[in-house]
>>> print(open('work.cif').read())   # mmCIF, C-alpha atoms and all ligand atoms
data_coords
#
loop_
_atom_site.label_atom_id
_atom_site.label_comp_id
_atom_site.auth_asym_id
_atom_site.auth_seq_id
_atom_site.Cartn_x
_atom_site.Cartn_y
_atom_site.Cartn_z
CA MET N 1 182.72 4.00 -119.81
CA SER N 2 183.06 1.91 -116.66
CA PHE N 3 186.03 -0.44 -116.33
CA GLN N 4 187.62 -2.88 -113.87
CA GLU N 5 190.74 -1.85 -111.97
CA CYS N 6 193.16 -3.58 -109.62
CA ILE N 7 192.89 -2.10 -106.12
CA SER N 8 196.69 -2.22 -105.68
CA CYS N 9 198.57 -1.61 -108.93
CA HIS N 10 195.61 0.03 -110.75
CA GLU N 11 196.00 -2.15 -113.85
CA LYS N 12 192.83 -1.72 -115.93
CA TYR N 13 190.60 -4.39 -117.45
CA GLY N 14 187.62 -4.10 -119.78
CA ILE N 15 184.14 -4.23 -118.30
CA ASP N 16 183.38 -7.47 -120.18
CA GLU N 17 186.65 -9.22 -119.36
CA ILE N 18 186.30 -12.31 -117.15
CA VAL N 19 189.09 -11.77 -114.67
CA TYR N 20 188.95 -12.29 -110.91
CA PHE N 21 192.49 -11.33 -109.84
CA CYS N 22 194.87 -8.80 -111.34
CA ARG N 23 197.11 -10.58 -113.86
CA LYS N 24 199.98 -8.24 -112.97
CA CYS N 25 200.05 -8.26 -109.15
CA GLY N 26 197.39 -10.79 -108.10
CA ASP N 27 195.23 -8.43 -106.02
CA ILE N 28 191.44 -8.11 -106.34
CA LEU N 29 189.57 -5.77 -108.66
CA GLU N 30 186.95 -3.08 -108.34
CA ILE N 31 184.65 -1.40 -110.82
CA LYS N 32 185.34 2.21 -111.64
CA SER N 33 181.86 3.46 -112.38
CA ASP N 34 180.94 5.95 -115.07
CA LEU N 35 179.51 8.54 -112.69
CA GLY N 36 179.02 11.09 -115.46
CA LYS N 37 176.17 9.02 -116.87
CA ALA N 38 174.67 8.56 -113.39
CA ALA N 39 174.93 12.31 -112.69
CA VAL N 40 172.65 13.04 -115.64
CA THR N 41 170.15 10.25 -114.89
CA VAL N 42 169.63 11.08 -111.19
CA LYS N 43 168.26 14.48 -112.22
CA SER N 44 165.60 12.94 -114.48
CA VAL N 45 161.90 12.60 -113.62
CA GLY N 46 162.05 8.85 -114.33
CA TYR N 47 164.72 8.37 -111.68
CA ARG N 48 162.94 10.50 -109.10
CA GLU N 49 159.69 8.62 -109.59
CA SER N 50 161.10 5.09 -109.60
CA ALA N 51 160.58 2.94 -106.51
CA LEU N 52 163.36 2.24 -104.04
CA SER N 53 165.11 -0.93 -105.26
CA VAL N 54 168.47 -2.07 -106.60
CA TRP N 55 167.41 -1.28 -110.17
CA ARG N 56 166.42 2.27 -109.35
CA TYR N 57 170.20 2.67 -109.54
CA ARG N 58 170.65 1.01 -112.92
CA CYS N 59 172.55 4.09 -114.11
CA PHE N 60 175.20 3.27 -111.47
CA MET N 61 175.46 -0.38 -112.55
CA PRO N 62 177.97 -1.68 -115.12
CA ILE N 63 175.30 -3.52 -117.07
CA GLY N 64 174.69 -3.04 -120.80
CA ASP N 65 171.64 -0.96 -121.75
CA ALA N 66 170.24 -3.83 -123.82
CA SER N 67 170.57 -6.49 -121.10
CA ASP N 68 167.49 -8.04 -119.52
CA VAL N 69 167.75 -7.86 -115.78
CA VAL N 70 167.50 -11.08 -113.73
CA SER N 71 165.40 -9.85 -110.84
CA LEU N 72 163.20 -11.06 -107.99
CA SER N 73 162.47 -7.50 -106.73
CA GLU N 74 165.47 -6.94 -104.51
CA GLY N 75 166.31 -3.96 -102.33
CA GLY N 76 163.81 -1.37 -101.09
CA THR N 77 164.14 -2.88 -97.61
CA GLY N 78 162.88 -1.08 -94.52
CA LEU N 79 164.97 1.43 -92.60
CA HIS N 80 163.27 1.17 -89.22
CA ARG N 81 163.50 3.93 -86.64
CA SER N 82 164.27 1.96 -83.50
CA GLU N 83 163.33 4.15 -80.55
CA ARG N 84 162.86 1.42 -78.00
CA LEU N 85 166.16 -0.26 -78.82
CA GLY N 86 167.81 3.17 -78.83
CA GLU N 87 166.40 3.88 -75.39
CA ALA N 88 167.62 0.53 -74.09
CA LEU N 89 171.13 1.27 -75.35
CA GLY N 90 171.14 4.98 -74.52
CA LEU N 91 170.98 6.34 -78.09
CA SER N 92 168.66 9.04 -79.38
CA ASP N 93 168.73 8.41 -83.15
CA LEU N 94 169.00 4.72 -83.99
CA TRP N 95 167.85 2.99 -87.18
CA VAL N 96 167.90 -0.60 -88.37
CA LYS N 97 168.22 -1.35 -92.10
CA ASN N 98 166.69 -4.80 -92.29
CA GLU N 99 168.13 -6.76 -95.18
CA GLY N 100 166.21 -9.87 -94.19
CA GLU N 101 163.36 -8.29 -96.20
CA ASN N 102 165.07 -9.20 -99.49
CA PRO N 103 163.61 -12.01 -101.70
CA THR N 104 165.81 -14.82 -100.36
CA GLY N 105 166.12 -13.22 -96.93
CA SER N 106 169.55 -11.57 -97.07
CA PHE N 107 171.51 -8.66 -98.56
CA LYS N 108 173.17 -11.09 -100.96
CA ASP N 109 170.25 -10.62 -103.37
CA ARG N 110 171.43 -7.08 -104.12
CA GLY N 111 174.71 -8.46 -105.40
CA MET N 112 173.25 -11.51 -107.10
CA THR N 113 170.69 -9.66 -109.20
CA VAL N 114 173.56 -7.66 -110.71
CA GLY N 115 176.07 -10.54 -110.72
CA VAL N 116 173.74 -13.02 -112.43
CA THR N 117 172.56 -10.36 -114.89
CA LYS N 118 176.23 -9.82 -115.79
CA ALA N 119 176.81 -13.59 -116.01
CA VAL N 120 173.97 -13.92 -118.53
CA GLU N 121 175.23 -10.86 -120.44
CA LEU N 122 178.64 -12.55 -120.72
CA GLY N 123 177.05 -15.76 -121.97
CA ALA N 124 177.75 -17.88 -118.86
CA ARG N 125 175.66 -21.05 -118.53
CA HIS N 126 177.10 -22.28 -115.21
CA VAL N 127 177.65 -20.21 -112.06
CA ILE N 128 179.42 -21.17 -108.85
CA CYS N 129 180.20 -19.92 -105.36
CA ALA N 130 181.51 -21.02 -101.98
CA SER N 131 179.28 -20.03 -99.12
CA THR N 132 178.50 -20.09 -95.43
CA GLY N 133 174.87 -20.30 -96.58
CA ASN N 134 173.29 -17.04 -97.70
CA THR N 135 175.35 -16.56 -100.85
CA SER N 136 174.48 -20.08 -101.96
CA ALA N 137 170.76 -19.56 -101.23
CA SER N 138 170.76 -16.35 -103.24
CA LEU N 139 172.84 -17.61 -106.15
CA ALA N 140 170.68 -20.73 -106.40
CA ALA N 141 167.53 -18.61 -106.65
CA TYR N 142 168.90 -16.18 -109.25
CA ALA N 143 170.41 -18.98 -111.33
CA ALA N 144 167.00 -20.69 -111.31
CA ARG N 145 165.39 -17.41 -112.36
CA ALA N 146 167.90 -17.09 -115.23
CA GLY N 147 167.61 -20.77 -116.20
CA ILE N 148 171.31 -21.53 -115.81
CA ARG N 149 173.23 -24.21 -113.95
CA CYS N 150 174.37 -23.55 -110.38
CA THR N 151 176.93 -25.23 -108.14
CA VAL N 152 177.58 -24.25 -104.54
CA LEU N 153 180.31 -25.41 -102.16
CA ILE N 154 179.47 -25.19 -98.47
CA PRO N 155 181.48 -26.11 -95.37
CA SER N 156 180.57 -29.42 -93.79
CA GLY N 157 178.36 -29.61 -90.74
CA LYS N 158 178.08 -25.89 -89.96
CA ILE N 159 175.51 -24.48 -92.35
CA ALA N 160 172.15 -23.21 -91.07
CA TYR N 161 169.24 -25.35 -92.22
CA GLY N 162 167.10 -22.58 -93.70
CA LYS N 163 169.90 -21.62 -96.08
CA LEU N 164 170.66 -25.20 -97.06
CA SER N 165 167.00 -25.81 -97.83
CA GLN N 166 166.96 -22.80 -100.17
CA ALA N 167 169.97 -23.93 -102.20
CA MET N 168 168.47 -27.43 -102.46
CA ILE N 169 164.95 -26.45 -103.48
CA HIS N 170 166.20 -24.05 -106.17
CA GLY N 171 167.99 -26.99 -107.76
CA ALA N 172 171.63 -26.08 -107.17
CA LYS N 173 174.21 -28.84 -107.05
CA VAL N 174 175.31 -28.67 -103.42
CA LEU N 175 178.78 -29.96 -102.56
CA GLN N 176 179.52 -30.12 -98.86
CA VAL N 177 183.29 -29.87 -98.58
CA ARG N 178 184.99 -31.54 -95.63
CA GLY N 179 186.60 -28.32 -94.50
CA ASN N 180 185.71 -24.73 -93.60
CA PHE N 181 184.50 -21.80 -95.76
CA ASP N 182 188.01 -20.54 -96.51
CA GLU N 183 188.98 -23.94 -97.91
CA ALA N 184 185.78 -24.15 -99.99
CA LEU N 185 186.49 -20.69 -101.40
CA GLY N 186 190.01 -21.78 -102.33
CA PHE N 187 188.52 -24.57 -104.44
CA VAL N 188 185.98 -22.45 -106.31
CA LEU N 189 188.65 -19.85 -107.12
CA LYS N 190 190.84 -22.56 -108.64
CA LEU N 191 187.90 -24.17 -110.41
CA ALA N 192 186.83 -20.90 -112.06
CA GLU N 193 190.42 -20.23 -113.22
CA LYS N 194 190.80 -23.76 -114.58
CA HIS N 195 187.39 -24.13 -116.24
CA ARG N 196 186.72 -20.77 -117.87
CA SER N 197 183.09 -21.65 -118.67
CA ILE N 198 182.21 -21.63 -114.96
CA TYR N 199 181.48 -18.10 -113.79
CA LEU N 200 182.44 -17.26 -110.21
CA LEU N 201 180.00 -15.27 -108.09
CA ASN N 202 181.63 -14.85 -104.72
CA SER N 203 182.06 -11.25 -103.60
CA ILE N 204 185.52 -11.28 -105.12
CA ASN N 205 183.52 -10.70 -108.30
CA PRO N 206 183.30 -6.89 -108.43
CA PHE N 207 179.87 -6.94 -110.10
CA ARG N 208 178.43 -8.38 -106.87
CA ILE N 209 179.86 -5.39 -104.99
CA GLU N 210 178.20 -3.04 -107.48
CA GLY N 211 174.77 -4.46 -106.61
CA GLN N 212 175.45 -4.33 -102.90
CA LYS N 213 176.51 -0.67 -103.00
CA SER N 214 172.78 0.10 -103.46
CA LEU N 215 172.44 -0.54 -99.72
CA GLY N 216 174.37 2.68 -99.10
CA PHE N 217 172.36 4.58 -101.72
CA GLU N 218 169.04 3.50 -100.21
CA ILE N 219 169.99 4.51 -96.66
CA CYS N 220 170.87 8.02 -97.85
CA GLU N 221 167.60 8.38 -99.71
CA GLN N 222 165.58 6.98 -96.80
CA LEU N 223 167.21 9.59 -94.55
CA GLY N 224 166.09 12.36 -96.88
CA GLY N 225 169.36 12.79 -98.77
CA ASN N 226 171.69 12.40 -95.79
CA ALA N 227 174.20 9.80 -94.73
CA PRO N 228 174.02 8.71 -91.07
CA ASP N 229 176.88 9.63 -88.73
CA ARG N 230 177.78 5.98 -88.40
CA LEU N 231 177.05 2.74 -90.23
CA ILE N 232 177.48 -0.55 -88.36
CA VAL N 233 177.64 -3.84 -90.25
CA PRO N 234 178.69 -7.43 -89.57
CA VAL N 235 181.85 -8.45 -91.40
CA GLY N 236 182.69 -11.89 -92.76
CA ASN N 237 184.37 -12.08 -96.15
CA ALA N 238 184.30 -8.26 -96.07
CA GLY N 239 182.53 -7.64 -99.38
CA ASN N 240 179.52 -5.90 -97.90
CA ILE N 241 181.28 -3.23 -95.85
CA SER N 242 183.39 -2.45 -98.94
CA ALA N 243 180.28 -2.26 -101.12
CA ILE N 244 178.31 -0.01 -98.77
CA TRP N 245 181.29 2.33 -98.51
CA LYS N 246 181.51 2.46 -102.31
CA GLY N 247 177.84 3.42 -102.41
CA PHE N 248 178.25 6.25 -99.91
CA SER N 249 181.40 7.44 -101.68
CA GLU N 250 179.72 7.58 -105.11
CA PHE N 251 176.74 9.54 -103.72
CA TYR N 252 179.23 11.89 -102.04
CA GLN N 253 181.20 12.37 -105.26
CA LEU N 254 177.98 13.32 -107.04
CA GLY N 255 177.04 15.79 -104.30
CA LEU N 256 173.95 13.77 -103.37
CA ILE N 257 175.08 13.70 -99.73
CA SER N 258 177.26 16.26 -97.97
CA LYS N 259 179.16 14.05 -95.51
CA LEU N 260 180.27 10.43 -95.18
CA PRO N 261 179.51 8.06 -92.29
CA LYS N 262 182.01 6.35 -90.03
CA MET N 263 182.12 2.74 -91.26
CA THR N 264 182.10 0.34 -88.33
CA GLY N 265 182.70 -3.37 -88.87
CA ILE N 266 181.79 -6.05 -86.34
CA GLN N 267 183.28 -9.55 -86.26
CA ALA N 268 182.72 -12.50 -83.96
CA ALA N 269 185.50 -12.84 -81.40
CA GLY N 270 186.46 -16.27 -82.73
CA SER N 271 186.99 -15.05 -86.29
CA ALA N 272 188.15 -11.46 -86.21
CA PRO N 273 191.24 -10.91 -88.38
CA ILE N 274 190.05 -7.51 -89.62
CA VAL N 275 189.28 -6.19 -86.13
CA LYS N 276 192.75 -7.28 -84.99
CA ALA N 277 194.38 -5.49 -87.92
CA VAL N 278 192.38 -2.28 -87.37
CA LYS N 279 193.06 -2.22 -83.65
CA SER N 280 196.79 -2.76 -84.12
CA HIS N 281 196.92 -0.14 -86.92
CA SER N 282 198.23 -2.79 -89.27
CA CYS N 283 197.53 -2.62 -92.98
CA LYS N 284 197.63 -6.43 -93.23
CA ILE N 285 195.54 -9.20 -91.71
CA VAL N 286 196.75 -12.40 -90.10
CA PRO N 287 194.25 -15.08 -91.19
CA VAL N 288 192.59 -17.16 -88.45
CA ALA N 289 193.20 -20.83 -89.25
CA GLU N 290 190.22 -22.26 -87.39
CA PRO N 291 187.52 -19.61 -87.05
CA GLU N 292 184.74 -20.39 -84.57
CA THR N 293 181.43 -18.69 -83.75
CA VAL N 294 177.74 -19.41 -83.34
CA ALA N 295 177.21 -16.83 -86.12
CA THR N 296 178.05 -19.33 -88.85
CA ALA N 297 177.48 -16.80 -91.65
CA ILE N 298 180.57 -14.86 -90.57
CA ARG N 299 182.72 -17.82 -89.56
CA ILE N 300 185.50 -16.75 -91.92
CA GLY N 301 189.21 -16.64 -91.09
CA ALA N 302 190.71 -15.27 -94.31
CA PRO N 303 188.37 -12.61 -95.72
CA VAL N 304 189.01 -12.02 -99.39
CA SER N 305 188.12 -8.30 -99.37
CA TRP N 306 190.09 -7.44 -96.24
CA LYS N 307 192.07 -4.68 -97.95
CA LYS N 308 188.95 -2.92 -99.21
CA ALA N 309 187.34 -3.24 -95.77
CA ILE N 310 190.31 -1.83 -93.85
CA ASN N 311 190.48 1.00 -96.33
CA ALA N 312 186.76 1.78 -95.85
CA ILE N 313 187.16 1.81 -92.06
CA ASN N 314 190.30 3.95 -92.05
CA GLU N 315 189.22 6.39 -94.75
CA SER N 316 185.91 7.01 -93.00
CA HIS N 317 187.51 7.35 -89.53
CA GLY N 318 185.40 4.41 -88.42
CA THR N 319 186.34 1.47 -86.27
CA ALA N 320 186.01 -2.29 -85.83
CA GLU N 321 185.02 -4.34 -82.81
CA THR N 322 184.58 -7.95 -81.74
CA VAL N 323 181.59 -9.48 -79.99
CA THR N 324 181.27 -12.79 -78.16
CA ASP N 325 178.73 -15.46 -79.06
CA GLU N 326 176.85 -14.66 -75.86
CA GLU N 327 176.66 -10.97 -76.78
CA ILE N 328 175.43 -11.90 -80.27
CA LEU N 329 172.64 -14.14 -78.98
CA ASP N 330 171.56 -11.57 -76.36
CA ALA N 331 171.37 -8.90 -79.07
CA GLN N 332 169.36 -11.21 -81.35
CA LYS N 333 166.79 -11.73 -78.61
CA LEU N 334 166.69 -8.05 -77.63
CA LEU N 335 166.05 -6.89 -81.21
CA ALA N 336 163.36 -9.51 -81.73
CA GLN N 337 161.61 -8.72 -78.46
CA ILE N 338 161.68 -4.93 -78.36
CA GLU N 339 161.59 -4.05 -82.05
CA GLY N 340 159.85 -7.07 -83.62
CA ILE N 341 162.77 -7.65 -86.00
CA PHE N 342 163.91 -11.27 -86.22
CA VAL N 343 167.43 -11.65 -87.60
CA GLU N 344 169.96 -14.45 -87.74
CA PRO N 345 172.88 -14.45 -85.26
CA ALA N 346 175.46 -12.97 -87.68
CA SER N 347 173.14 -10.04 -88.31
CA ALA N 348 172.65 -9.42 -84.62
CA SER N 349 176.39 -8.88 -84.26
CA SER N 350 175.89 -5.32 -85.53
CA ILE N 351 173.51 -4.66 -82.61
CA ALA N 352 175.85 -6.41 -80.16
CA GLY N 353 178.74 -4.33 -81.49
CA LEU N 354 176.74 -1.14 -81.12
CA LYS N 355 175.96 -1.99 -77.51
CA LYS N 356 179.64 -2.59 -76.74
CA LEU N 357 180.83 0.56 -78.49
CA VAL N 358 178.28 2.71 -76.62
CA ARG N 359 179.30 1.08 -73.35
CA ASN N 360 182.97 1.79 -74.08
CA GLY N 361 182.26 5.42 -74.92
CA ILE N 362 183.34 5.07 -78.57
CA ILE N 363 179.88 5.92 -79.89
CA ASN N 364 178.41 9.25 -78.88
CA LYS N 365 174.84 9.03 -77.57
CA ASN N 366 173.57 11.64 -80.04
CA GLU N 367 175.05 10.08 -83.17
CA ARG N 368 172.64 9.07 -85.90
CA VAL N 369 173.47 5.37 -86.18
CA VAL N 370 172.28 2.87 -88.79
CA CYS N 371 172.80 -0.81 -87.97
CA VAL N 372 172.52 -3.17 -90.92
CA THR N 373 170.92 -6.49 -90.08
CA THR N 374 172.00 -8.70 -92.93
CA GLY N 375 169.85 -11.84 -92.87
CA HIS N 376 166.43 -13.07 -91.72
CA GLY N 377 166.05 -14.99 -88.46
CA LEU N 378 164.23 -17.87 -90.15
CA LYS N 379 167.50 -18.75 -91.89
CA ASP N 380 168.61 -20.40 -88.66
CA PRO N 381 165.49 -21.46 -86.73
CA ASP N 382 167.37 -24.00 -84.58
CA ILE N 383 169.18 -21.24 -82.71
CA ALA N 384 165.95 -19.33 -82.01
CA VAL N 385 164.16 -22.43 -80.77
CA LYS N 386 167.10 -23.28 -78.53
CA MET N 387 167.18 -19.78 -77.02
CA GLY N 388 163.51 -18.90 -76.74
CA GLU N 389 161.07 -19.72 -73.94
CA LYS N 390 159.90 -23.29 -74.51
CA PRO N 391 156.24 -23.86 -75.48
CA VAL N 392 154.12 -24.97 -72.53
CA GLU N 393 152.07 -28.07 -73.27
CA VAL N 394 148.53 -27.89 -71.85
CA ASP N 395 145.41 -30.03 -71.97
CA ALA N 396 142.80 -28.98 -74.53
CA GLU N 397 140.64 -27.39 -71.82
CA MET N 398 139.85 -23.75 -71.08
CA SER N 399 140.76 -24.06 -67.42
CA ALA N 400 144.18 -25.52 -68.23
CA ILE N 401 144.89 -22.67 -70.65
CA GLU N 402 143.74 -20.02 -68.14
CA ASN N 403 145.84 -21.74 -65.51
CA ALA N 404 148.94 -21.66 -67.66
CA LEU N 405 148.38 -17.94 -68.31
CA GLY N 406 147.83 -17.19 -64.64
CA ILE N 407 144.30 -15.88 -65.37
CA LYS N 408 141.46 -16.64 -62.94
CA SER N 409 138.55 -18.54 -64.49
CA LYS N 410 135.23 -16.58 -64.34
N1 LIG I 501 175.73 -11.38 -92.48
C1 LIG I 501 175.25 -12.46 -93.08
C2 LIG I 501 173.88 -12.92 -92.70
C3 LIG I 501 176.01 -13.15 -94.06
O1 LIG I 501 175.50 -14.21 -94.65
C4 LIG I 501 177.32 -12.68 -94.35
C5 LIG I 501 178.16 -13.36 -95.33
C6 LIG I 501 177.76 -11.53 -93.69
C7 LIG I 501 176.95 -10.91 -92.77
C8 LIG I 501 179.10 -10.95 -93.97
O2 LIG I 501 179.15 -10.29 -95.19
O3 LIG I 501 181.01 -11.56 -96.21
O4 LIG I 501 180.21 -9.44 -97.19
O5 LIG I 501 181.44 -9.44 -95.03
N2 LIG I 501 177.90 -14.48 -95.81
C9 LIG I 501 178.67 -15.11 -96.89
C10 LIG I 501 177.93 -16.31 -97.42
C11 LIG I 501 180.08 -15.31 -96.62
O6 LIG I 501 178.56 -17.21 -97.97
O7 LIG I 501 176.70 -16.34 -97.34
P1 LIG I 501 180.53 -10.16 -95.96
#
>>> encode(input="work.cif", output="structure tokens")
Amino acid sequence: MSFQECISCHEKYGIDEIVYFCRKCGDILEIKSDLGKAAVTVKSVGYRESALSVWRYRCFMPIGDASDVVSLSEGGTGLHRSERLGEALGLSDLWVKNEGENPTGSFKDRGMTVGVTKAVELGARHVICASTGNTSASLAAYAARAGIRCTVLIPSGKIAYGKLSQAMIHGAKVLQVRGNFDEALGFVLKLAEKHRSIYLLNSINPFRIEGQKSLGFEICEQLGGNAPDRLIVPVGNAGNISAIWKGFSEFYQLGLISKLPKMTGIQAAGSAPIVKAVKSHSCKIVPVAEPETVATAIRIGAPVSWKKAINAINESHGTAETVTDEEILDAQKLLAQIEGIFVEPASASSIAGLKKLVRNGIINKNERVVCVTTGHGLKDPDIAVKMGEKPVEVDAEMSAIENALGIKSK
């Protein structure tokens, strides 16, 4: 049987208990999966023949056998061999796992399909989250799919338009809080404690992490049953790096992979409490009161899952690095123009981080590296339009078009 456990004092809670923080010490929880059941299932023909997706790994998910899954076909995203980008950065074995290919355009769907399925299983009729944009877009879609009420709290002024439009069209109640993400998260945590009928689906909810661990599983399977040498991922609230590490660790425990990758987290320079802690060998973060970056998705000063993230980085002998806004936007353009992969700025931070770590000699040129790009570029079209070459307006005449292209008329 799977159960929930506090990451600090190891107090245990039932799998169907609605509890977000340990009642004994106040720390966050994780799911201890029943790997015995998974070990049997992964050897079956049904498992081997099922398509790559989050629910291929149902045997790893703490969801009741009788539960109907709330799904929009999530996971099974491309792992793209990126030779041209590798060449540009001086790497021989580079891959991009493009999570923008998920139904709402980000990795959040992996967590939400499991989180909302659990919410329905527990009888919840109203779900809530705070978000820099993608979590709210995803929760709104899955709540609509499940036919339950959805409320999202977003920071004022800073949310990318694509994401806002998703939450709105899916019918979520959108509250724009006059404050930043960390403040909005503070409110939803209190709200969910105070009103027990509202189910919280930020990544503090360990069922979200369970869904997101499938990202690690998929990469191993796409690499023929091997983990990469290094995994690079943008870090905001720090749920995803923790989840991916859990995925790799569970595959390792089952003997499905023979080594673990170095987990490498990238934060924007203006909001990098985890990088600071890792670099100073501290086991505690100092929250950033006013985080700032063009990568609004990771504009987070007090990441909830910081302890899990630091543990993943240290245990895997990985590292963490900061990147400037300029480096992020350069990387976004580079990836779009030499690999055809359009990602939002936060996602491009993994590429920018890779570039910096290669330059600084931290990453070996022969390492097999997987960069996770977390969200689709269309989430934030304003940035792309601002950065790209402006359209050239021409008269509706062949000669004017040829002229603009520098082609001689025949
Ligand atoms: N990349 C993108 C595109 C994101 O939207 C987020 C987080 C991250 C990376 C960081 O992931 O928080 O698990 O470390 N976005 C959240 C949101 C906070 O509300 O959409 P993390």
>>> atom_distance(input="work.cif", atom1="CA of Gly171 (chain N)", atom2="CA of Val152 (chain N)")
10.5 Å
>>> residues_around(input="work.cif", residues="Asn311 (chain N)", least_positions_apart="4", cutoff="9 Å", atoms="all atoms listed in the file", output="list in words")
Ser242, Cys283, Trp306, Lys307, Glu315 and Ser316 of chain N
>>> write_last_selection(input="work.cif", atoms="C-alpha atoms", output="compact mmCIF listing (two decimals), in the coordinates of the input")
# COMPACT_ATOMS: atom_id res chain seq x y z
CA SER N 242 183.39 -2.45 -98.94
CA CYS N 283 197.53 -2.62 -92.98
CA TRP N 306 190.09 -7.44 -96.24
CA LYS N 307 192.07 -4.68 -97.95
CA GLU N 315 189.22 6.39 -94.75
CA SER N 316 185.91 7.01 -93.00
>>> closest_residue(input="work.cif", among="N:Ser214, N:Ser33, N:Ser305, N:Asn102", to="ligand LIG 501 (chain I)", atoms="all atoms listed in the file")
N:Ser305
>>> residues_near_ligand(input="work.cif", ligand="ligand LIG 501 (chain I)", cutoff="8 Å", atoms="only C-alpha atoms and all ligand atoms", output="count of residues only")
37
>>> closest_residue(input="work.cif", among="N:Leu29, N:Leu223, N:Gly216, N:Arg178", to="Glu99 (chain N)", atoms="only C-alpha atoms")
N:Gly216
>>> closest_residue(input="work.cif", among="N:Glu339, N:Gly265, N:Tyr47, N:Ser156", to="Thr319 (chain N)", atoms="only C-alpha atoms")
N:Gly265
>>> residues_near_point(input="work.cif", point="(164.4, 4.4, -103.7)", cutoff="12 Å", atoms="all atoms listed in the file", output="ChimeraX atom specification")
/N:42,46-58,74-79,214-225
